[in-house]
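Okay, query_15.cif now, which holds mmCIF, N, CA and C atoms:
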data_start
loop_
_atom_site.label_atom_id
_atom_site.label_comp_id
_atom_site.auth_asym_id
_atom_site.auth_seq_id
_atom_site.Cartn_x
_atom_site.Cartn_y
_atom_site.Cartn_z
N MET M 1 0.85 -1.17 0.00
CA MET M 1 0.00 0.00 0.00
C MET M 1 0.90 1.24 0.00
N PRO M 2 0.66 2.17 -0.93
CA PRO M 2 1.46 3.39 -0.97
C PRO M 2 1.31 4.20 0.32
N ALA M 3 2.30 5.02 0.63
CA ALA M 3 2.30 5.81 1.87
C ALA M 3 1.07 6.70 1.97
N PHE M 4 0.66 7.31 0.85
CA PHE M 4 -0.50 8.21 0.88
C PHE M 4 -1.75 7.44 1.32
N GLN M 5 -1.95 6.26 0.76
CA GLN M 5 -3.13 5.47 1.11
C GLN M 5 -3.09 5.03 2.57
N ARG M 6 -1.86 4.68 3.05
CA ARG M 6 -1.74 4.29 4.45
C ARG M 6 -2.11 5.44 5.36
N LEU M 7 -1.64 6.65 5.04
CA LEU M 7 -1.97 7.83 5.85
C LEU M 7 -3.47 8.09 5.83
N THR M 8 -4.06 7.98 4.65
CA THR M 8 -5.50 8.21 4.53
C THR M 8 -6.26 7.18 5.35
N ALA M 9 -5.87 5.92 5.26
CA ALA M 9 -6.55 4.87 6.01
C ALA M 9 -6.40 5.11 7.51
N THR M 10 -5.20 5.51 7.96
CA THR M 10 -4.98 5.78 9.38
C THR M 10 -5.83 6.94 9.83
N TRP M 11 -5.90 8.00 9.05
CA TRP M 11 -6.70 9.16 9.41
C TRP M 11 -8.18 8.79 9.51
N GLN M 12 -8.66 7.99 8.55
CA GLN M 12 -10.07 7.60 8.57
C GLN M 12 -10.39 6.76 9.80
N ILE M 13 -9.50 5.88 10.17
CA ILE M 13 -9.73 5.07 11.36
C ILE M 13 -9.73 5.95 12.60
N ALA M 14 -8.73 6.84 12.71
CA ALA M 14 -8.67 7.73 13.86
C ALA M 14 -9.89 8.65 13.89
N HIS M 15 -10.29 9.17 12.74
CA HIS M 15 -11.45 10.07 12.66
C HIS M 15 -12.72 9.33 13.04
N ALA M 16 -12.87 8.11 12.60
CA ALA M 16 -14.06 7.32 12.94
C ALA M 16 -14.15 7.12 14.44
N GLY M 17 -13.02 6.90 15.10
CA GLY M 17 -13.02 6.75 16.56
C GLY M 17 -13.44 8.02 17.25
N ALA M 18 -13.00 9.16 16.74
CA ALA M 18 -13.36 10.45 17.34
C ALA M 18 -14.86 10.70 17.20
N VAL M 19 -15.42 10.38 16.06
CA VAL M 19 -16.85 10.57 15.86
C VAL M 19 -17.63 9.66 16.79
N LYS M 20 -17.20 8.42 16.92
CA LYS M 20 -17.88 7.48 17.79
C LYS M 20 -17.82 7.96 19.24
N THR M 21 -16.68 8.48 19.68
CA THR M 21 -16.53 8.99 21.04
C THR M 21 -17.46 10.17 21.27
N LYS M 22 -17.53 11.10 20.32
CA LYS M 22 -18.41 12.26 20.47
C LYS M 22 -19.87 11.83 20.53
N THR M 23 -20.25 10.85 19.71
CA THR M 23 -21.63 10.35 19.71
C THR M 23 -21.94 9.72 21.06
N LEU M 24 -21.01 8.95 21.59
CA LEU M 24 -21.20 8.31 22.89
C LEU M 24 -21.35 9.36 23.99
N GLU M 25 -20.48 10.38 23.98
CA GLU M 25 -20.57 11.44 24.98
C GLU M 25 -21.91 12.16 24.88
N ARG M 26 -22.37 12.41 23.68
CA ARG M 26 -23.64 13.08 23.48
C ARG M 26 -24.80 12.24 24.02
N ALA M 27 -24.75 10.94 23.76
CA ALA M 27 -25.79 10.04 24.27
C ALA M 27 -25.77 10.00 25.79
N GLN M 28 -24.59 10.00 26.38
CA GLN M 28 -24.48 10.00 27.84
C GLN M 28 -25.03 11.30 28.43
N ARG M 29 -24.74 12.43 27.78
CA ARG M 29 -25.30 13.71 28.24
C ARG M 29 -26.82 13.70 28.14
N GLY M 30 -27.34 13.10 27.05
CA GLY M 30 -28.78 13.01 26.87
C GLY M 30 -29.43 12.18 27.97
N ARG M 31 -28.84 11.04 28.29
CA ARG M 31 -29.37 10.21 29.37
C ARG M 31 -29.30 10.92 30.71
N ALA M 32 -28.20 11.63 30.94
CA ALA M 32 -28.06 12.39 32.20
C ALA M 32 -29.11 13.50 32.27
N ALA M 33 -29.38 14.15 31.15
CA ALA M 33 -30.38 15.21 31.12
C ALA M 33 -31.78 14.65 31.40
N GLU M 34 -32.09 13.52 30.81
CA GLU M 34 -33.40 12.89 31.04
C GLU M 34 -33.55 12.43 32.49
N ALA M 35 -32.48 11.90 33.06
CA ALA M 35 -32.53 11.48 34.47
C ALA M 35 -32.71 12.69 35.38
N LEU M 36 -32.02 13.79 35.07
CA LEU M 36 -32.17 15.02 35.85
C LEU M 36 -33.61 15.53 35.75
N ALA M 37 -34.18 15.52 34.56
CA ALA M 37 -35.56 15.97 34.37
C ALA M 37 -36.53 15.08 35.14
N ALA M 38 -36.33 13.78 35.10
CA ALA M 38 -37.22 12.85 35.81
C ALA M 38 -37.18 13.11 37.32
N ARG M 39 -35.98 13.30 37.88
CA ARG M 39 -35.86 13.59 39.32
C ARG M 39 -36.50 14.93 39.66
N PHE M 40 -36.26 15.94 38.85
CA PHE M 40 -36.80 17.28 39.06
C PHE M 40 -38.32 17.24 39.07
N LEU M 41 -38.91 16.58 38.08
CA LEU M 41 -40.37 16.54 37.97
C LEU M 41 -41.00 15.68 39.06
N ALA M 42 -40.36 14.57 39.41
CA ALA M 42 -40.87 13.71 40.48
C ALA M 42 -40.87 14.46 41.81
N ALA M 43 -39.85 15.28 42.04
CA ALA M 43 -39.78 16.07 43.27
C ALA M 43 -40.88 17.11 43.33
N ARG M 44 -41.47 17.44 42.18
CA ARG M 44 -42.55 18.44 42.11
C ARG M 44 -43.92 17.79 41.94
N GLY M 45 -43.99 16.50 42.22
CA GLY M 45 -45.29 15.83 42.28
C GLY M 45 -45.73 15.07 41.05
N LEU M 46 -44.97 15.07 39.97
CA LEU M 46 -45.36 14.30 38.80
C LEU M 46 -44.91 12.85 38.98
N GLN M 47 -45.72 11.95 38.50
CA GLN M 47 -45.38 10.52 38.55
C GLN M 47 -44.83 10.14 37.18
N VAL M 48 -43.61 9.66 37.14
CA VAL M 48 -42.99 9.25 35.88
C VAL M 48 -43.50 7.86 35.52
N LEU M 49 -44.18 7.75 34.37
CA LEU M 49 -44.75 6.48 33.91
C LEU M 49 -43.83 5.75 32.94
N ALA M 50 -43.14 6.50 32.10
CA ALA M 50 -42.29 5.87 31.09
C ALA M 50 -41.12 6.79 30.74
N LEU M 51 -39.99 6.18 30.46
CA LEU M 51 -38.79 6.88 29.99
C LEU M 51 -38.45 6.36 28.60
N ASN M 52 -38.14 7.26 27.69
CA ASN M 52 -37.67 6.89 26.35
C ASN M 52 -38.59 5.90 25.64
N PHE M 53 -39.85 6.22 25.56
CA PHE M 53 -40.79 5.40 24.78
C PHE M 53 -40.48 5.65 23.31
N ARG M 54 -40.12 4.59 22.60
CA ARG M 54 -39.73 4.73 21.18
C ARG M 54 -40.69 3.95 20.30
N CYS M 55 -40.98 4.56 19.16
CA CYS M 55 -41.78 3.89 18.15
C CYS M 55 -41.34 4.43 16.79
N ARG M 56 -41.92 3.89 15.75
CA ARG M 56 -41.52 4.31 14.41
C ARG M 56 -41.79 5.81 14.19
N GLY M 57 -42.83 6.33 14.82
CA GLY M 57 -43.20 7.73 14.63
C GLY M 57 -42.36 8.72 15.39
N GLY M 58 -41.59 8.28 16.37
CA GLY M 58 -40.78 9.19 17.15
C GLY M 58 -40.45 8.63 18.52
N GLU M 59 -40.07 9.51 19.42
CA GLU M 59 -39.68 9.11 20.77
C GLU M 59 -40.27 10.09 21.77
N LEU M 60 -40.72 9.56 22.90
CA LEU M 60 -41.19 10.38 24.01
C LEU M 60 -40.16 10.24 25.13
N ASP M 61 -39.51 11.34 25.49
CA ASP M 61 -38.47 11.29 26.52
C ASP M 61 -39.05 10.87 27.87
N LEU M 62 -40.10 11.57 28.30
CA LEU M 62 -40.75 11.25 29.57
C LEU M 62 -42.26 11.28 29.39
N VAL M 63 -42.91 10.28 29.94
CA VAL M 63 -44.36 10.27 30.02
C VAL M 63 -44.68 10.28 31.50
N CYS M 64 -45.40 11.31 31.93
CA CYS M 64 -45.69 11.50 33.35
C CYS M 64 -47.19 11.64 33.57
N ARG M 65 -47.56 11.58 34.83
CA ARG M 65 -48.94 11.83 35.20
C ARG M 65 -48.96 12.89 36.28
N GLU M 66 -49.85 13.84 36.12
CA GLU M 66 -50.08 14.87 37.13
C GLU M 66 -51.58 14.90 37.38
N GLY M 67 -52.00 14.23 38.45
CA GLY M 67 -53.43 14.09 38.70
C GLY M 67 -54.06 13.26 37.61
N LYS M 68 -55.09 13.81 36.95
CA LYS M 68 -55.75 13.10 35.85
C LYS M 68 -55.21 13.51 34.49
N LEU M 69 -54.09 14.18 34.49
CA LEU M 69 -53.50 14.71 33.27
C LEU M 69 -52.28 13.88 32.87
N LEU M 70 -52.20 13.48 31.62
CA LEU M 70 -51.04 12.79 31.09
C LEU M 70 -50.10 13.87 30.54
N VAL M 71 -48.87 13.88 31.00
CA VAL M 71 -47.92 14.93 30.62
C VAL M 71 -46.78 14.29 29.83
N ILE M 72 -46.63 14.75 28.58
CA ILE M 72 -45.54 14.31 27.72
C ILE M 72 -44.45 15.39 27.81
N VAL M 73 -43.26 14.99 28.22
CA VAL M 73 -42.19 15.95 28.45
C VAL M 73 -41.06 15.71 27.43
N GLU M 74 -40.78 16.73 26.66
CA GLU M 74 -39.64 16.70 25.74
C GLU M 74 -38.46 17.33 26.46
N VAL M 75 -37.38 16.56 26.63
CA VAL M 75 -36.18 17.03 27.32
C VAL M 75 -35.16 17.43 26.27
N ARG M 76 -34.66 18.66 26.40
CA ARG M 76 -33.63 19.16 25.48
C ARG M 76 -32.46 19.68 26.28
N GLN M 77 -31.28 19.30 25.87
CA GLN M 77 -30.06 19.75 26.54
C GLN M 77 -29.12 20.33 25.50
N ARG M 78 -28.59 21.48 25.79
CA ARG M 78 -27.59 22.11 24.93
C ARG M 78 -26.47 22.60 25.82
N SER M 79 -25.24 22.27 25.44
CA SER M 79 -24.10 22.69 26.25
C SER M 79 -23.78 24.16 26.00
N GLN M 80 -24.21 24.70 24.86
CA GLN M 80 -24.00 26.11 24.54
C GLN M 80 -25.32 26.71 24.08
N ALA M 81 -25.46 28.01 24.25
CA ALA M 81 -26.71 28.69 23.89
C ALA M 81 -26.76 29.10 22.42
N ALA M 82 -25.81 28.63 21.64
CA ALA M 82 -25.80 28.97 20.21
C ALA M 82 -27.08 28.48 19.55
N PHE M 83 -27.54 29.19 18.56
CA PHE M 83 -28.74 28.85 17.79
C PHE M 83 -30.00 28.88 18.64
N GLY M 84 -30.03 29.67 19.71
CA GLY M 84 -31.25 29.86 20.47
C GLY M 84 -31.39 29.00 21.71
N GLY M 85 -30.47 28.13 21.98
CA GLY M 85 -30.55 27.32 23.19
C GLY M 85 -31.45 26.11 23.04
N ALA M 86 -31.68 25.45 24.16
CA ALA M 86 -32.39 24.17 24.16
C ALA M 86 -33.86 24.31 23.77
N LEU M 87 -34.56 25.31 24.29
CA LEU M 87 -35.99 25.45 23.99
C LEU M 87 -36.24 25.74 22.52
N ALA M 88 -35.37 26.51 21.91
CA ALA M 88 -35.56 26.87 20.50
C ALA M 88 -35.43 25.67 19.57
N SER M 89 -34.89 24.57 20.07
CA SER M 89 -34.68 23.40 19.21
C SER M 89 -35.93 22.54 19.04
N ILE M 90 -37.02 22.89 19.71
CA ILE M 90 -38.26 22.13 19.56
C ILE M 90 -39.10 22.81 18.48
N ASP M 91 -38.84 22.42 17.25
CA ASP M 91 -39.50 23.06 16.11
C ASP M 91 -40.81 22.35 15.76
N ALA M 92 -41.47 22.82 14.72
CA ALA M 92 -42.77 22.27 14.31
C ALA M 92 -42.67 20.79 13.93
N GLY M 93 -41.58 20.39 13.29
CA GLY M 93 -41.39 18.98 12.93
C GLY M 93 -41.28 18.10 14.16
N LYS M 94 -40.54 18.57 15.16
CA LYS M 94 -40.39 17.80 16.40
C LYS M 94 -41.74 17.69 17.10
N GLN M 95 -42.51 18.76 17.13
CA GLN M 95 -43.84 18.74 17.75
C GLN M 95 -44.75 17.73 17.05
N ARG M 96 -44.67 17.68 15.74
CA ARG M 96 -45.48 16.73 14.96
C ARG M 96 -45.10 15.29 15.33
N ARG M 97 -43.80 15.02 15.42
CA ARG M 97 -43.34 13.67 15.79
C ARG M 97 -43.77 13.30 17.21
N LEU M 98 -43.75 14.28 18.11
CA LEU M 98 -44.19 14.01 19.49
C LEU M 98 -45.68 13.68 19.53
N ARG M 99 -46.48 14.40 18.77
CA ARG M 99 -47.92 14.11 18.73
C ARG M 99 -48.18 12.72 18.15
N ARG M 100 -47.44 12.37 17.11
CA ARG M 100 -47.60 11.05 16.50
C ARG M 100 -47.20 9.94 17.46
N ALA M 101 -46.09 10.11 18.15
CA ALA M 101 -45.64 9.11 19.11
C ALA M 101 -46.60 9.01 20.29
N THR M 102 -47.19 10.14 20.68
CA THR M 102 -48.17 10.14 21.77
C THR M 102 -49.42 9.37 21.37
N ALA M 103 -49.87 9.56 20.14
CA ALA M 103 -51.04 8.83 19.65
C ALA M 103 -50.77 7.32 19.69
N TYR M 104 -49.57 6.92 19.30
CA TYR M 104 -49.22 5.50 19.34
C TYR M 104 -49.14 5.00 20.78
N PHE M 105 -48.56 5.80 21.66
CA PHE M 105 -48.49 5.43 23.07
C PHE M 105 -49.90 5.18 23.62
N LEU M 106 -50.83 6.05 23.27
CA LEU M 106 -52.21 5.90 23.74
C LEU M 106 -52.88 4.66 23.15
N LEU M 107 -52.52 4.30 21.92
CA LEU M 107 -53.05 3.06 21.33
C LEU M 107 -52.57 1.84 22.10
N LEU M 108 -51.30 1.86 22.48
CA LEU M 108 -50.73 0.72 23.22
C LEU M 108 -51.18 0.68 24.67
N HIS M 109 -51.54 1.82 25.21
CA HIS M 109 -51.92 1.91 26.62
C HIS M 109 -53.31 2.54 26.74
N PRO M 110 -54.35 1.80 26.45
CA PRO M 110 -55.71 2.35 26.46
C PRO M 110 -56.15 2.86 27.83
N ARG M 111 -55.45 2.47 28.86
CA ARG M 111 -55.74 2.95 30.21
C ARG M 111 -55.71 4.48 30.29
N TRP M 112 -54.88 5.11 29.46
CA TRP M 112 -54.69 6.57 29.48
C TRP M 112 -55.55 7.28 28.44
N HIS M 113 -56.37 6.54 27.73
CA HIS M 113 -57.17 7.10 26.63
C HIS M 113 -58.06 8.27 27.03
N GLY M 114 -58.72 8.20 28.16
CA GLY M 114 -59.65 9.25 28.55
C GLY M 114 -59.00 10.47 29.20
N HIS M 115 -57.70 10.41 29.39
CA HIS M 115 -56.99 11.50 30.05
C HIS M 115 -56.65 12.63 29.08
N ARG M 116 -56.72 13.84 29.58
CA ARG M 116 -56.23 14.96 28.77
C ARG M 116 -54.72 14.88 28.70
N VAL M 117 -54.15 15.42 27.62
CA VAL M 117 -52.71 15.36 27.41
C VAL M 117 -52.15 16.78 27.37
N ARG M 118 -51.03 16.96 28.05
CA ARG M 118 -50.32 18.23 28.01
C ARG M 118 -48.88 17.97 27.55
N PHE M 119 -48.37 18.85 26.71
CA PHE M 119 -46.99 18.72 26.24
C PHE M 119 -46.13 19.78 26.93
N ASP M 120 -45.14 19.32 27.69
CA ASP M 120 -44.21 20.21 28.38
C ASP M 120 -42.84 20.14 27.72
N ALA M 121 -42.07 21.18 27.93
CA ALA M 121 -40.67 21.20 27.48
C ALA M 121 -39.80 21.38 28.71
N PHE M 122 -38.74 20.60 28.77
CA PHE M 122 -37.78 20.70 29.87
C PHE M 122 -36.43 20.96 29.23
N ALA M 123 -35.91 22.17 29.45
CA ALA M 123 -34.67 22.57 28.80
C ALA M 123 -33.54 22.68 29.81
N ILE M 124 -32.40 22.17 29.40
CA ILE M 124 -31.19 22.26 30.22
C ILE M 124 -30.14 22.96 29.36
N ASP M 125 -29.80 24.17 29.74
CA ASP M 125 -28.74 24.91 29.05
C ASP M 125 -27.48 24.81 29.89
N GLY M 126 -26.47 24.17 29.33
CA GLY M 126 -25.25 23.85 30.05
C GLY M 126 -25.17 22.35 30.22
N LEU M 127 -24.13 21.88 30.87
CA LEU M 127 -23.94 20.45 31.07
C LEU M 127 -24.76 20.00 32.28
N PRO M 128 -25.44 18.86 32.20
CA PRO M 128 -26.33 18.40 33.27
C PRO M 128 -25.65 18.25 34.63
N ASP M 129 -24.35 17.98 34.64
CA ASP M 129 -23.65 17.75 35.90
C ASP M 129 -22.86 18.97 36.38
N ARG M 130 -23.04 20.13 35.71
CA ARG M 130 -22.26 21.32 36.08
C ARG M 130 -23.14 22.55 36.25
N ASP M 131 -24.06 22.51 37.18
CA ASP M 131 -24.93 23.63 37.52
C ASP M 131 -25.58 24.28 36.30
N PRO M 132 -26.40 23.51 35.59
CA PRO M 132 -27.03 24.04 34.37
C PRO M 132 -28.21 24.96 34.69
N LYS M 133 -28.61 25.73 33.69
CA LYS M 133 -29.82 26.54 33.81
C LYS M 133 -30.98 25.64 33.36
N ILE M 134 -31.97 25.48 34.23
CA ILE M 134 -33.10 24.60 33.95
C ILE M 134 -34.35 25.43 33.70
N SER M 135 -35.08 25.09 32.65
CA SER M 135 -36.35 25.73 32.34
C SER M 135 -37.39 24.64 32.12
N TRP M 136 -38.49 24.73 32.84
CA TRP M 136 -39.60 23.80 32.67
C TRP M 136 -40.79 24.62 32.18
N VAL M 137 -41.22 24.36 30.97
CA VAL M 137 -42.32 25.10 30.37
C VAL M 137 -43.51 24.16 30.28
N ARG M 138 -44.53 24.45 31.09
CA ARG M 138 -45.76 23.65 31.04
C ARG M 138 -46.58 24.09 29.84
N ALA M 139 -47.25 23.14 29.22
CA ALA M 139 -48.07 23.42 28.04
C ALA M 139 -47.28 24.22 27.01
N ALA M 140 -46.11 23.71 26.65
CA ALA M 140 -45.20 24.41 25.76
C ALA M 140 -45.77 24.53 24.35
N PHE M 141 -46.58 23.57 23.94
CA PHE M 141 -47.21 23.62 22.61
C PHE M 141 -48.46 22.79 22.61
#
Hey, can you dump this file as structure tokens for me?
Amino acid sequence: MPAFQRLTATWQIAHAGAVKTKTLERAQRGRAAEALAARFLAARGLQVLALNFRCRGGELDLVCREGKLLVIVEVRQRSQAAFGGALASIDAGKQRRLRRATAYFLLLHPRWHGHRVRFDAFAIDGLPDRDPKISWVRAAF
């Protein structure tokens, strides 16, 4: 193998490892953010029913109950406030996917069918383990 190809192959392998590490760190931050949100909401009286409900239509980070109300919580974490911060990242497409995933959740769990549904946003600006700014927006959309 010529030297140029060896260098390219080495760089690609090293680069692939860096991407994998960043993806892993991001996933760990996401799990930490969701755990922080679950503890925060439980301390304020919400009962956490499900974490990371996934289906073809999307994902629900937290499904909670507050009295007779089913609360779907979208957790967003951003380490920097660039591009508007964590709350600004919940766009119309994300809201559509959340509604679709909620409809599927209700199909699978008919026990919650008669309950009203509220969509909340839980934003963490900063790293979850380093004194982040937390915003909980009830009825965000």
Inset, instruction - Determine the residue set returned by the PyMOL selection byres ((chain M and resi 120) around 8) for the present structure, and present it as number ranges by chain. - result: M: 70-75, 117-119, 121-123, 136-141
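You will find atom N of Pro132 (chain M) at 13.5 Å from atom C of Glu34 (chain M).
Note that CA of Ile124 (chain M) and CA of Arg76 (chain M) are 6.2 Å apart.
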Legend entry - Residues matched by the PyMOL selection byres (((chain M and resi 86 and name CA) around 8) and name CA), written as number ranges by chain: M: 76-78, 81, 84-85, 87-90, 123-125
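Excluding region 52-60 of chain M itself and same-chain residues fewer than 2 positions from it, the residues having an atom within 7 Å of it are Ala50, Leu62, Val63, Ile72, Val73, Glu74, Arg97, Leu98, Arg100, Ala101 and Thr102 of chain M, counting all atoms listed in the file.
Note that CA of Arg65 (chain M) and CA of Ala43 (chain M) are 12.9 Å apart.
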